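Structure file final_16.cif; described as mmCIF, C-alpha atoms.
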```cif
data_data
loop_
_atom_site.label_atom_id
_atom_site.label_comp_id
_atom_site.auth_asym_id
_atom_site.auth_seq_id
_atom_site.Cartn_x
_atom_site.Cartn_y
_atom_site.Cartn_z
CA MET A 1 0.73 -54.59 -52.82
CA ASP A 2 -2.51 -52.85 -53.79
CA ARG A 3 -1.73 -49.13 -53.69
CA ASP A 4 -5.42 -48.17 -53.47
CA LEU A 5 -5.92 -50.52 -50.55
CA VAL A 6 -3.04 -48.90 -48.67
CA ALA A 7 -4.32 -45.42 -49.55
CA ARG A 8 -7.79 -46.29 -48.26
CA ALA A 9 -6.32 -47.63 -45.03
CA GLN A 10 -4.29 -44.44 -44.70
CA ARG A 11 -7.52 -42.46 -44.80
CA GLY A 12 -8.80 -44.49 -41.84
CA ASP A 13 -10.76 -47.16 -43.69
CA GLU A 14 -10.75 -49.97 -41.12
CA SER A 15 -12.05 -52.50 -43.61
CA ALA A 16 -9.10 -51.76 -45.91
CA PHE A 17 -6.75 -52.12 -43.00
CA GLY A 18 -8.31 -55.49 -42.20
CA GLU A 19 -7.60 -56.58 -45.77
CA LEU A 20 -4.00 -55.45 -45.38
CA VAL A 21 -3.67 -57.58 -42.25
CA GLU A 22 -5.06 -60.56 -44.15
CA SER A 23 -2.70 -59.88 -47.02
CA VAL A 24 0.62 -59.35 -45.24
CA GLY A 25 -0.04 -60.68 -41.74
CA ASP A 26 1.57 -64.07 -42.31
CA ARG A 27 4.72 -62.59 -43.83
CA LEU A 28 5.12 -60.06 -41.03
CA TYR A 29 4.42 -62.65 -38.37
CA ALA A 30 6.94 -65.07 -39.89
CA VAL A 31 9.65 -62.41 -39.80
CA ALA A 32 8.92 -61.70 -36.12
CA HIS A 33 8.89 -65.40 -35.33
CA HIS A 34 12.15 -66.06 -37.17
CA ILE A 35 13.84 -63.25 -35.25
CA LEU A 36 12.40 -64.09 -31.83
CA ARG A 37 12.08 -67.89 -32.15
CA ASP A 38 9.34 -67.89 -29.56
CA SER A 39 5.62 -67.94 -30.37
CA ALA A 40 4.38 -65.94 -27.38
CA ARG A 41 6.94 -63.21 -27.96
CA ALA A 42 6.26 -63.20 -31.69
CA ASP A 43 2.54 -62.79 -30.88
CA ASP A 44 3.30 -59.74 -28.73
CA ALA A 45 5.65 -58.22 -31.30
CA ALA A 46 3.23 -58.80 -34.20
CA GLN A 47 0.27 -57.34 -32.33
CA GLN A 48 2.21 -54.29 -31.22
CA ALA A 49 3.52 -53.88 -34.75
CA MET A 50 0.03 -53.91 -36.24
CA ILE A 51 -1.09 -51.28 -33.73
CA HIS A 52 1.87 -49.10 -34.75
CA VAL A 53 1.16 -49.72 -38.43
CA TRP A 54 -2.38 -48.50 -37.93
CA ARG A 55 -1.30 -45.50 -35.84
CA LYS A 56 1.49 -44.39 -38.16
CA LEU A 57 -0.04 -45.30 -41.50
CA PRO A 58 -1.04 -41.67 -42.23
CA THR A 59 2.67 -40.70 -42.06
CA LEU A 60 3.63 -43.10 -44.85
CA ASN A 61 4.47 -40.90 -47.85
CA ASP A 62 4.52 -43.53 -50.59
CA PRO A 63 1.87 -46.29 -50.45
CA ASP A 64 4.03 -48.37 -52.81
CA ARG A 65 6.55 -48.75 -50.02
CA PHE A 66 4.00 -50.11 -47.56
CA LEU A 67 5.47 -53.60 -47.25
CA THR A 68 9.05 -52.42 -46.65
CA TRP A 69 7.70 -49.90 -44.18
CA ALA A 70 5.64 -52.56 -42.39
CA TYR A 71 8.70 -54.84 -42.26
CA ARG A 72 10.55 -51.99 -40.61
CA ILE A 73 7.94 -51.71 -37.88
CA VAL A 74 7.67 -55.42 -37.20
CA VAL A 75 11.47 -55.81 -37.11
CA ARG A 76 11.68 -52.92 -34.71
CA GLU A 77 9.07 -54.49 -32.44
CA ALA A 78 10.75 -57.89 -32.65
CA LEU A 79 14.17 -56.49 -31.80
CA ALA A 80 12.69 -54.43 -28.97
CA GLU A 81 11.08 -57.59 -27.65
CA ALA A 82 14.38 -59.45 -27.98
CA ALA A 83 16.24 -56.73 -26.10
CA SER A 84 13.70 -56.27 -23.34
CA ARG A 85 13.27 -59.85 -22.34
CA ARG A 86 16.36 -61.72 -23.40
CA ARG A 87 16.27 -65.19 -22.10
CA TRP A 88 17.32 -68.60 -23.06
CA VAL A 89 14.76 -70.54 -24.95
CA MET A 90 14.76 -74.23 -24.31
CA ARG A 91 15.61 -75.90 -27.56
CA VAL A 92 14.56 -79.43 -28.21
CA THR A 93 17.15 -81.42 -30.06
CA LEU A 94 16.47 -84.70 -31.64
CA ALA A 95 18.11 -87.57 -29.86
CA GLY A 96 20.96 -88.89 -31.96
CA ALA A 97 20.44 -86.29 -34.64
CA GLU A 98 23.41 -84.09 -33.87
CA ARG A 99 25.90 -86.34 -35.63
CA ALA A 100 24.11 -87.94 -38.47
CA SER A 101 26.09 -90.81 -39.90
CA ASP A 102 25.93 -92.31 -43.37
CA SER A 103 23.65 -95.01 -42.05
CA VAL A 104 20.93 -92.60 -41.00
CA ALA A 105 17.87 -92.71 -43.23
CA ASP A 106 17.38 -89.77 -45.58
CA HIS A 107 14.43 -88.28 -43.74
CA GLN A 108 16.30 -88.45 -40.44
CA ARG A 109 19.33 -86.78 -42.01
CA ALA A 110 17.18 -83.99 -43.40
CA PHE A 111 15.61 -83.54 -40.00
CA ALA A 112 19.02 -83.40 -38.34
CA ASP A 113 20.28 -80.87 -40.92
CA ARG A 114 17.30 -78.70 -40.22
CA ASP A 115 17.88 -78.96 -36.50
CA GLU A 116 21.53 -77.93 -36.85
CA LEU A 117 20.69 -74.99 -39.07
CA ASP A 118 17.96 -73.99 -36.67
CA ARG A 119 20.34 -74.06 -33.72
CA ALA A 120 22.93 -72.12 -35.69
CA LEU A 121 20.34 -69.43 -36.41
CA GLY A 122 19.36 -69.41 -32.75
CA ALA A 123 22.96 -68.77 -31.76
CA LEU A 124 23.09 -65.51 -33.72
CA ARG A 125 22.46 -62.17 -32.07
CA ALA A 126 18.90 -61.05 -32.73
CA ASP A 127 19.97 -58.04 -34.81
CA HIS A 128 22.19 -60.24 -36.98
CA ARG A 129 19.41 -62.79 -37.32
CA ALA A 130 17.11 -59.96 -38.46
CA VAL A 131 19.47 -59.14 -41.33
CA VAL A 132 19.62 -62.79 -42.37
CA VAL A 133 15.83 -63.13 -42.23
CA LEU A 134 15.22 -59.95 -44.22
CA LYS A 135 17.75 -61.00 -46.84
CA HIS A 136 17.10 -64.70 -47.16
CA PHE A 137 13.44 -64.99 -46.15
CA ALA A 138 11.87 -61.67 -47.12
CA GLY A 139 14.15 -61.43 -50.18
CA LEU A 140 15.01 -57.77 -49.67
CA SER A 141 18.04 -55.94 -51.06
CA ASN A 142 20.80 -54.62 -48.81
CA LEU A 143 19.55 -51.10 -49.52
CA GLU A 144 16.02 -51.98 -48.45
CA ILE A 145 17.34 -53.68 -45.31
CA ALA A 146 19.42 -50.60 -44.52
CA ASP A 147 16.28 -48.50 -44.83
CA ILE A 148 14.34 -50.85 -42.57
CA LEU A 149 17.00 -50.97 -39.88
CA GLY A 150 17.92 -47.31 -40.15
CA VAL A 151 21.61 -48.06 -40.67
CA PRO A 152 23.96 -47.46 -43.61
CA GLU A 153 24.16 -50.10 -46.33
CA GLY A 154 27.76 -50.84 -45.34
CA THR A 155 26.59 -51.82 -41.88
CA VAL A 156 24.07 -54.23 -43.41
CA ARG A 157 26.82 -55.80 -45.53
CA SER A 158 29.06 -56.22 -42.50
CA ARG A 159 26.31 -57.70 -40.33
CA LEU A 160 25.32 -60.06 -43.11
CA HIS A 161 28.88 -61.14 -43.67
CA TYR A 162 29.40 -61.66 -39.95
CA ALA A 163 26.13 -63.57 -39.55
CA MET A 164 26.74 -65.87 -42.51
CA SER A 165 30.30 -66.58 -41.34
CA SER A 166 28.95 -67.39 -37.89
CA LEU A 167 26.31 -69.71 -39.33
CA ARG A 168 28.89 -71.56 -41.42
CA ALA A 169 31.29 -71.77 -38.47
CA THR A 170 28.59 -73.11 -36.17
CA LEU A 171 27.55 -75.72 -38.71
CA ASP A 172 31.18 -76.70 -39.28
CA ALA A 173 31.47 -77.20 -35.52
CA GLY A 174 28.61 -79.67 -35.64
CA GLY A 175 25.89 -77.22 -34.70
CA ARG A 176 27.52 -76.18 -31.44
CA PRO A 177 27.45 -72.40 -31.16
CA THR A 178 30.61 -70.74 -29.92
CA ALA A 179 30.26 -68.78 -26.69
CA SER A 180 30.79 -65.44 -28.42
CA HIS A 181 27.74 -65.97 -30.58
CA ARG A 182 25.32 -66.83 -27.81
CA GLU A 183 22.73 -64.37 -26.69
CA PRO A 184 23.33 -63.27 -23.12
CA MET B 1 24.87 -65.16 -56.70
CA THR B 2 23.35 -67.77 -54.44
CA ASP B 3 25.61 -70.59 -53.30
CA ASP B 4 24.48 -73.95 -51.92
CA PHE B 5 24.58 -72.78 -48.35
CA GLU B 6 22.46 -69.72 -49.05
CA GLY B 7 20.01 -71.86 -50.98
CA ARG B 8 19.79 -74.27 -48.09
CA LEU B 9 19.28 -71.40 -45.67
CA GLU B 10 16.49 -69.89 -47.77
CA GLU B 11 14.81 -73.26 -48.06
CA HIS B 12 15.03 -73.71 -44.30
CA LEU B 13 13.61 -70.27 -43.51
CA ALA B 14 10.72 -70.81 -45.93
CA ALA B 15 9.98 -74.28 -44.56
CA THR B 16 9.99 -73.16 -40.94
CA ALA B 17 8.09 -69.90 -41.44
CA SER B 18 5.24 -69.67 -38.97
CA ARG B 19 1.83 -68.42 -40.04
CA MET B 20 0.06 -65.89 -37.88
CA PRO B 21 -2.03 -67.91 -35.39
CA PRO B 22 -5.77 -67.64 -36.15
CA ASP B 23 -6.62 -66.32 -32.69
CA LEU B 24 -4.04 -63.56 -33.00
CA ARG B 25 -5.29 -62.65 -36.46
CA ARG B 26 -8.85 -62.61 -35.13
CA SER B 27 -7.78 -60.49 -32.17
CA ILE B 28 -6.11 -57.93 -34.43
CA LEU B 29 -8.98 -57.80 -36.89
CA GLU B 30 -11.56 -57.45 -34.15
CA GLU B 31 -9.89 -54.22 -33.08
CA PHE B 32 -11.05 -52.67 -36.33
CA PRO B 33 -14.85 -52.85 -36.31
CA GLY B 34 -15.12 -52.01 -40.00
CA HIS B 35 -13.77 -55.42 -40.84
CA GLY B 36 -16.14 -58.35 -41.21
CA GLN B 37 -15.57 -60.05 -37.89
CA ALA B 38 -16.51 -57.07 -35.83
CA GLY B 39 -18.24 -57.49 -32.53
CA PRO B 40 -19.19 -55.13 -29.77
CA ARG B 41 -15.63 -54.45 -28.77
CA PRO B 42 -13.95 -51.77 -26.68
CA PRO B 43 -11.92 -49.13 -28.59
CA TRP B 44 -9.19 -50.03 -31.06
CA LEU B 45 -6.51 -50.93 -28.55
CA GLY B 46 -6.08 -54.69 -28.51
CA ARG B 47 -5.87 -57.03 -25.57
CA ILE B 48 -2.18 -56.33 -25.15
CA GLY B 49 -2.68 -52.68 -25.94
CA ARG B 50 -5.37 -52.33 -23.29
CA LEU B 51 -3.23 -54.12 -20.72
CA SER B 52 -0.23 -51.98 -21.67
CA PHE B 53 -2.32 -48.83 -21.45
CA ALA B 54 -3.69 -49.82 -18.03
CA ALA B 55 -0.19 -50.71 -16.81
CA GLY B 56 1.11 -47.42 -18.18
CA VAL B 57 -1.57 -45.40 -16.38
CA LEU B 58 -0.89 -47.29 -13.15
CA ALA B 59 2.87 -46.76 -13.50
CA ALA B 60 2.35 -43.07 -14.24
CA VAL B 61 0.21 -42.70 -11.13
CA ILE B 62 2.80 -44.48 -8.98
CA VAL B 63 5.65 -42.41 -10.42
CA ALA B 64 3.66 -39.21 -9.95
CA VAL B 65 2.84 -40.05 -6.32
CA VAL B 66 6.39 -41.12 -5.48
CA ASN B 67 8.02 -38.18 -7.23
CA ALA B 68 5.51 -35.49 -6.39
CA PRO B 69 7.59 -33.99 -3.57
CA LEU B 70 10.62 -33.90 -5.85
CA ILE B 71 8.80 -32.45 -8.81
CA PHE B 72 7.40 -29.60 -6.81
CA ASP B 73 10.37 -29.20 -4.48
CA ARG B 74 13.35 -28.40 -6.73
CA THR B 75 15.64 -27.93 -3.71
CA GLY B 76 16.59 -31.58 -3.92
CA LEU B 77 15.34 -32.24 -0.43
CA GLY B 78 13.12 -35.22 0.15
CA PRO B 79 9.53 -35.28 1.34
CA GLY B 80 8.96 -33.02 4.30
CA GLY B 81 12.07 -31.02 3.49
CA ARG B 82 14.42 -33.63 4.91
CA PRO B 83 17.48 -34.66 2.94
CA SER B 84 16.84 -37.87 1.05
CA ASN B 85 19.37 -40.64 0.48
CA SER B 86 17.96 -41.42 -2.94
CA PRO B 87 18.89 -39.30 -5.97
CA ALA B 88 16.59 -36.33 -6.30
CA PHE B 89 16.70 -36.21 -10.09
CA VAL B 90 17.51 -38.72 -12.78
CA TRP B 91 17.67 -37.76 -16.45
CA ASP B 92 17.80 -40.64 -18.89
CA ALA B 93 18.55 -39.84 -22.52
CA VAL B 94 16.49 -42.77 -23.77
CA LEU B 95 13.44 -42.04 -21.63
CA GLY B 96 13.79 -38.36 -22.44
CA PHE B 97 13.60 -38.94 -26.20
CA ARG B 98 10.14 -37.99 -27.38
CA GLU B 99 8.67 -40.13 -30.15
CA PHE B 100 6.24 -39.29 -32.94
CA PRO B 101 3.81 -37.55 -32.69
CA ILE B 102 5.09 -35.59 -29.68
CA GLN B 103 8.68 -35.18 -30.86
CA SER B 104 10.31 -31.84 -30.19
CA ASN B 105 13.81 -30.43 -30.39
CA PRO B 106 14.71 -29.15 -27.91
CA SER B 107 12.45 -31.11 -25.61
CA MET B 108 11.45 -30.99 -21.99
CA ASP B 109 12.53 -33.45 -19.32
CA ALA B 110 10.33 -35.72 -17.23
CA TYR B 111 10.08 -33.02 -14.56
CA GLY B 112 8.58 -30.49 -16.90
CA ASN B 113 11.72 -28.39 -17.38
CA GLN B 114 11.80 -26.91 -20.90
CA SER B 115 14.65 -27.35 -23.41
CA VAL B 116 16.64 -29.94 -21.47
CA TRP B 117 17.38 -32.39 -24.29
CA SER B 118 18.62 -31.31 -27.71
CA TYR B 119 19.68 -33.25 -30.80
CA LEU B 120 22.34 -31.55 -32.88
CA HIS B 121 24.83 -32.00 -35.68
CA ALA B 122 28.00 -30.18 -36.63
CA ALA B 123 30.57 -30.02 -39.41
CA GLY B 124 33.82 -29.67 -37.50
CA GLY B 125 33.67 -27.27 -34.59
CA VAL B 126 34.90 -29.75 -32.02
CA HIS B 127 34.30 -28.31 -28.51
CA ASP B 128 32.60 -25.30 -30.06
CA PRO B 129 28.86 -25.41 -29.31
CA THR B 130 28.30 -22.19 -31.23
CA ARG B 131 28.83 -24.21 -34.41
CA TYR B 132 26.35 -26.94 -33.50
CA VAL B 133 23.11 -26.99 -35.50
CA ARG B 134 19.82 -28.31 -34.19
CA PHE B 135 18.08 -31.00 -36.24
CA THR B 136 14.76 -29.79 -37.61
CA GLU B 137 13.53 -32.81 -39.61
CA PHE B 138 12.01 -35.84 -37.92
CA ASP B 139 11.50 -39.31 -39.40
CA GLY B 140 8.51 -40.63 -37.49
CA GLY B 141 7.67 -43.44 -39.89
CA ALA B 142 8.96 -46.21 -37.75
CA ARG B 143 12.36 -45.46 -36.38
CA ASP B 144 11.73 -42.11 -34.68
CA ALA B 145 14.88 -40.20 -35.50
CA TRP B 146 16.03 -36.64 -36.03
CA VAL B 147 17.53 -36.53 -39.51
CA ASP B 148 18.98 -34.06 -42.01
CA ALA B 149 18.10 -34.30 -45.68
CA ALA B 150 21.40 -32.70 -46.68
CA HIS B 151 23.38 -35.52 -45.06
CA ASP B 152 21.87 -38.89 -45.95
CA GLY B 153 22.08 -41.22 -42.97
CA LEU B 154 22.97 -38.59 -40.38
CA ALA B 155 20.59 -39.16 -37.46
CA VAL B 156 19.94 -39.15 -33.75
CA GLY B 157 17.09 -41.39 -32.69
CA PHE B 158 15.99 -44.70 -31.34
CA VAL B 159 18.01 -47.73 -32.22
CA LEU B 160 16.04 -50.71 -33.35
CA GLY B 161 15.56 -53.02 -30.49
CA ASP B 162 17.95 -51.75 -27.87
CA ASP B 163 17.38 -49.57 -24.86
CA ALA B 164 19.71 -46.97 -26.28
CA LEU B 165 19.75 -43.97 -28.53
CA THR B 166 21.33 -44.27 -31.96
CA LEU B 167 23.80 -41.65 -33.07
CA GLN B 168 24.67 -41.99 -36.74
CA PRO B 169 27.40 -39.56 -37.81
CA TRP B 170 28.01 -38.80 -41.48
CA GLY B 171 31.21 -38.72 -43.47
CA ARG B 172 32.55 -38.51 -47.00
CA GLY B 173 36.27 -38.28 -46.38
CA PRO B 174 38.54 -36.89 -43.67
CA THR B 175 37.62 -33.28 -44.32
CA GLU B 176 33.91 -33.75 -44.90
CA THR B 177 32.24 -35.11 -41.79
CA GLU B 178 29.19 -34.31 -39.71
CA ALA B 179 29.05 -35.19 -36.02
CA ALA B 180 25.87 -36.40 -34.31
CA ILE B 181 25.35 -34.86 -30.89
CA VAL B 182 23.04 -35.31 -27.91
CA ALA B 183 22.90 -32.37 -25.50
CA TRP B 184 21.60 -32.15 -21.94
CA ARG B 185 21.04 -28.72 -20.39
CA ASP B 186 21.14 -28.66 -16.62
CA PRO B 187 17.92 -27.07 -15.35
CA VAL B 188 19.07 -26.93 -11.74
CA GLY B 189 22.86 -26.65 -11.30
CA GLY B 190 25.28 -28.41 -8.95
CA PRO B 191 27.28 -31.64 -8.95
CA VAL B 192 25.97 -34.49 -11.11
CA ALA B 193 26.96 -38.06 -11.91
CA VAL B 194 27.11 -38.68 -15.65
CA SER B 195 27.32 -42.29 -16.73
CA GLY B 196 26.61 -44.39 -19.76
CA VAL B 197 27.86 -46.71 -22.43
CA ILE B 198 28.89 -46.08 -26.00
CA GLU B 199 28.91 -48.99 -28.41
CA VAL B 200 29.95 -49.13 -32.03
CA ASP B 201 30.12 -52.09 -34.42
CA ALA B 202 32.38 -54.74 -32.89
CA ALA B 203 34.22 -55.66 -36.06
CA CYS B 204 33.47 -53.37 -38.95
CA GLY B 205 34.75 -49.90 -39.85
CA ASP B 206 37.50 -47.70 -38.48
CA GLY B 207 35.58 -46.62 -35.41
CA ILE B 208 34.43 -43.28 -34.08
CA ASP B 209 35.76 -40.28 -32.19
CA VAL B 210 33.82 -39.41 -29.06
CA SER B 211 33.91 -36.26 -27.03
CA ILE B 212 31.89 -35.45 -23.92
CA ASP B 213 31.99 -31.72 -23.31
CA GLN B 214 30.84 -29.49 -20.50
CA GLY B 215 29.97 -26.43 -22.52
CA GLY B 216 33.04 -25.98 -24.73
CA ARG B 217 35.38 -27.87 -22.40
CA PRO B 218 36.06 -31.58 -23.00
CA ILE B 219 35.73 -33.70 -19.86
CA GLU B 220 36.15 -37.02 -21.68
CA GLU B 221 37.56 -37.62 -25.14
CA PHE B 222 38.51 -40.85 -26.85
CA SER B 223 38.61 -42.80 -30.08
CA LEU B 224 36.63 -46.01 -30.05
CA PRO B 225 37.89 -48.32 -32.80
CA ASN B 226 35.27 -51.00 -32.24
CA GLY B 227 33.17 -52.38 -29.42
CA THR B 228 32.00 -50.82 -26.19
CA ARG B 229 33.23 -48.23 -23.73
CA ALA B 230 31.60 -47.05 -20.53
CA PHE B 231 32.02 -43.60 -19.01
CA ASP B 232 31.46 -42.36 -15.50
CA LEU B 233 32.00 -38.67 -14.83
CA ALA B 234 31.22 -36.22 -12.03
CA PRO B 235 31.18 -32.64 -13.33
CA GLU B 236 30.03 -29.64 -11.33
CA MET B 237 27.43 -27.95 -13.48
CA SER B 238 25.96 -24.50 -13.43
CA ARG B 239 22.27 -23.94 -13.93
CA GLY B 240 21.65 -23.68 -17.68
CA GLU B 241 25.03 -25.15 -18.57
CA THR B 242 24.99 -27.86 -21.23
CA LEU B 243 26.67 -31.23 -21.53
CA TYR B 244 27.33 -32.54 -25.05
CA VAL B 245 27.97 -36.12 -26.17
CA ARG B 246 29.44 -35.86 -29.63
CA VAL B 247 30.16 -38.73 -32.04
CA GLU B 248 31.91 -38.41 -35.37
CA PRO B 249 33.51 -40.74 -37.90
CA GLY B 250 37.03 -42.01 -37.27
CA SER B 251 40.14 -40.64 -38.95
CA SER B 252 39.27 -41.88 -42.44
CA GLY B 253 36.10 -39.82 -42.40
CA SER B 254 34.07 -42.83 -43.51
CA ALA B 255 30.82 -43.38 -41.59
CA ASP B 256 30.51 -47.02 -42.64
CA CYS B 257 29.61 -49.12 -39.60
CA ASP B 258 29.61 -46.01 -37.40
CA THR B 259 26.10 -46.46 -36.04
CA THR B 260 26.62 -45.77 -32.35
CA TRP B 261 24.47 -46.88 -29.45
CA LEU B 262 24.40 -44.50 -26.51
CA THR B 263 22.98 -44.80 -23.03
CA LEU B 264 23.34 -41.66 -20.95
CA THR B 265 22.12 -41.07 -17.44
CA VAL B 266 22.61 -37.90 -15.42
CA THR B 267 21.87 -38.20 -11.72
CA ARG B 268 21.72 -35.57 -9.03
#
```
Represent the supplied structure as structure tokens.
Amino acid sequence: MDRDLVARAQRGDESAFGELVESVGDRLYAVAHHILRDSARADDAAQQAMIHVWRKLPTLNDPDRFLTWAYRIVVREALAEAASRRRWVMRVTLAGAERASDSVADHQRAFADRDELDRALGALRADHRAVVVLKHFAGLSNLEIADILGVPEGTVRSRLHYAMSSLRATLDAGGRPTASHREP
Amino acid sequence: MTDDFEGRLEEHLAATASRMPPDLRRSILEEFPGHGQAGPRPPWLGRIGRLSFAAGVLAAVIVAVVNAPLIFDRTGLGPGGRPSNSPAFVWDAVLGFREFPIQSNPSMDAYGNQSVWSYLHAAGGVHDPTRYVRFTEFDGGARDAWVDAAHDGLAVGFVLGDDALTLQPWGRGPTETEAAIVAWRDPVGGPVAVSGVIEVDAACGDGIDVSIDQGGRPIEEFSLPNGTRAFDLAPEMSRGETLYVRVEPGSSGSADCDTTWLTLTVTR
């Protein structure tokens, strides 16, 4: 991340802020979308996050930490969105894809695998999904995730362990989430 | 070390990552006229921001109109001086928490009473408010929390994503702990209903010790190993008396997984 660009945006340079949006917008949006799994809600979370980024940018002490800091804001907005309007999202499953047999063509099997993994992710609680996304999509360390979520590193480790165990268990069960892992 | 499953997961997350939709990107960028795609736009608030602002103003007007008799008539009687069936006052710890840049500790309530909510910490001193210390540092970067540089992680603030406050106690062994405390000072006096929920990690850690005190007297006290516990109390308060919700690490003194979610509502 360009430190000067962040510093200029911090001083109120709207053009610099626009460049920041261009630079990190996709990554931030993808994190929101992975957590919320709903485009309209991800739109709301991302837009609110960018407003907060702009409003709070002057409080950022170290411009080098901009991306982690921005992740923190977008995750917060995404989790707030998840908590405020929890609802079931209709999930489209591919007919016949749930139990791929050896006779299924490779591309169909890959599609079915993706569908199962997707449903397993959808069965996680939003805050556990956030840890998985920050770790395995954003590539952040446990310490950075702890900073983003405002929880101790041990809590991140436990959530990650719990989430990964749940994902494996759901996949082992053929992609059927257990009741305890469903969002209310 | 990355195993096959983690590799597959990372591949999946990368392959299914959504890009920011062009119209959303355009909408965000257009809020900042210095950027290339500027047009004659209203102020920086975006479409959602403007709608939220308008809804907020409308809600504030409605709340002000509905509550005006109560705000100005602290007797607890309804409009026209007649007793009302609905609660005269409701204090909500989450709604009462003031975010950056208007944070304050102590802070006023929604009725304009000063020093109603306080955010404190304490080393020991269970049931002894004279040993409680008010937080003075605020992290307003993104999480909005009262923190203490001397105790890394100790905090009272907003939890990410839930309609609850976060209380994060601190601990480095059984004899070295720091409790996180939310305090409500009664600006009126009389009987109140105190209700809420305390939640701590469902599986991890050795839990927390919770104490709800009326001044220095415990009215509810329990250890919460894991999970959730609701409370519903009905103390008789004096004007100016304070109620404390205090959370500290379990018996081991370790604060691992002790992030606690608290909802607290006081109704009169």
Next item on the list: Using the chain letters and numbering of this document, enumerate as an MDAnalysis selection string the residues selected by the PyMOL selection byres ((chain A and resi 140-143) around 9).
Entry: chainID A and resid 68 131 134:139 144:148 152:154 156:157
For the contact check between chain A and chain B, emit one row per residue of chain A within 6 Å, containing the shortest atom pair and the distance in Å rounded to one decimal, counting only C-alpha atoms, chain then rising number order, as a tab-separated table.
```
residue	atom	partner	partner_atom	distance
A:Glu14	CA	B:Gly34	CA	5.0
A:Ser15	CA	B:His35	CA	4.4
A:Gly18	CA	B:His35	CA	5.6
A:Asp26	CA	B:Arg19	CA	4.9
A:Tyr29	CA	B:Met20	CA	5.5
A:Ala30	CA	B:Ser18	CA	5.0
A:Ile73	CA	B:Ala142	CA	5.6
A:Arg76	CA	B:Leu160	CA	5.1
A:Leu79	CA	B:Gly161	CA	4.0
A:Ala80	CA	B:Gly161	CA	3.5
A:Ala83	CA	B:Asp162	CA	5.6
A:His136	CA	B:Glu10	CA	5.3
A:Phe137	CA	B:Leu13	CA	5.9
A:Gly154	CA	B:Asp256	CA	5.4
A:Thr155	CA	B:Cys257	CA	4.6
```
Checklist line | For atom CA of Thr177 of chain B and atom CA of Arg98 of chain B, the interatomic separation in Å (one decimal) | finding: 26.5 Å
Next item on the list: Kindly indicate which residue among B:Pro174, B:Gly215, B:Gly207, B:Gly112 lies nearest to Pro129 of chain B, using all atoms listed in the file for the distances.
Entry: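 Closest residue, counting all atoms listed in the file: B:Gly215.
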Notebook entry, point to check: What is the atom CA of Pro169 of chain B to atom CA of Thr136 of chain B distance in Å?
Noted result: 16.0 Å
Margin query: Please compute the atom CA of Val156 of chain B-atom CA of Trp91 of chain B distance, one decimal, in Å.
Written below: 17.5 Å
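Neighbours of Glu241 of chain B closer than or equal to 10 Å, with all atoms listed in the file counted and sequence neighbours fewer than 6 positions away skipped, come out as Trp184, Arg185, Asp186, Pro187, Val188, Gly189, Gln214 and Gly215 of chain B.
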Residues matched by the PyMOL selection byres ((chain B and resi 178) around 9), written as an mmCIF file with C-alpha atoms, in the frame of the given file:
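Result file part33.cif:
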```cif
data_model
loop_
_atom_site.group_PDB
_atom_site.id
_atom_site.type_symbol
_atom_site.label_atom_id
_atom_site.label_comp_id
_atom_site.auth_asym_id
_atom_site.auth_seq_id
_atom_site.Cartn_x
_atom_site.Cartn_y
_atom_site.Cartn_z
ATOM 1 C CA HIS B 121 24.830 -32.000 -35.680
ATOM 2 C CA ALA B 122 28.000 -30.180 -36.630
ATOM 3 C CA ALA B 123 30.570 -30.020 -39.410
ATOM 4 C CA GLY B 124 33.820 -29.670 -37.500
ATOM 5 C CA HIS B 151 23.380 -35.520 -45.060
ATOM 6 C CA LEU B 154 22.970 -38.590 -40.380
ATOM 7 C CA PRO B 169 27.400 -39.560 -37.810
ATOM 8 C CA TRP B 170 28.010 -38.800 -41.480
ATOM 9 C CA GLY B 171 31.210 -38.720 -43.470
ATOM 10 C CA GLU B 176 33.910 -33.750 -44.900
ATOM 11 C CA THR B 177 32.240 -35.110 -41.790
ATOM 12 C CA ALA B 179 29.050 -35.190 -36.020
ATOM 13 C CA ALA B 180 25.870 -36.400 -34.310
ATOM 14 C CA VAL B 247 30.160 -38.730 -32.040
ATOM 15 C CA GLU B 248 31.910 -38.410 -35.370
ATOM 16 C CA PRO B 249 33.510 -40.740 -37.900
#
```
Next item on the list: Would you write out, as a count of residues only, every residue that the PyMOL selection byres ((chain A and resi 163) around 9) captures in this file?
Entry: 17
Can you build me a table of segment 120-221 of chain B residues sitting at most 8 Å from segment 261-266 of chain B, with the closest atom pair per residue and its distance in Å to one decimal, using only C-alpha atoms, sorted by chain and residue number, as CSV?
```
residue,atom,partner,partner_atom,distance
B:Val159,CA,B:Trp261,CA,7.1
B:Asp163,CA,B:Thr263,CA,7.6
B:Ala164,CA,B:Thr263,CA,5.1
B:Leu165,CA,B:Leu262,CA,5.1
B:Thr166,CA,B:Trp261,CA,4.8
B:Leu167,CA,B:Trp261,CA,6.4
B:Val192,CA,B:Val266,CA,6.4
B:Ala193,CA,B:Val266,CA,5.6
B:Val194,CA,B:Val266,CA,4.6
B:Ser195,CA,B:Thr265,CA,5.4
B:Gly196,CA,B:Leu264,CA,4.4
B:Val197,CA,B:Thr263,CA,5.3
B:Ile198,CA,B:Leu262,CA,4.8
B:Glu199,CA,B:Trp261,CA,5.0
B:Val200,CA,B:Trp261,CA,6.5
```
Item checked: All residues 9 Å or closer to segment 60-65 of chain A, all atoms listed in the file, same chain fewer than 5 positions away omitted, as a list in words ->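 Everything that qualifies: Met1, Asp2, Arg3, Asp4, Leu5, Val6, Ala7, Gln10 and Ala70 of chain A; Gly141 of chain B.
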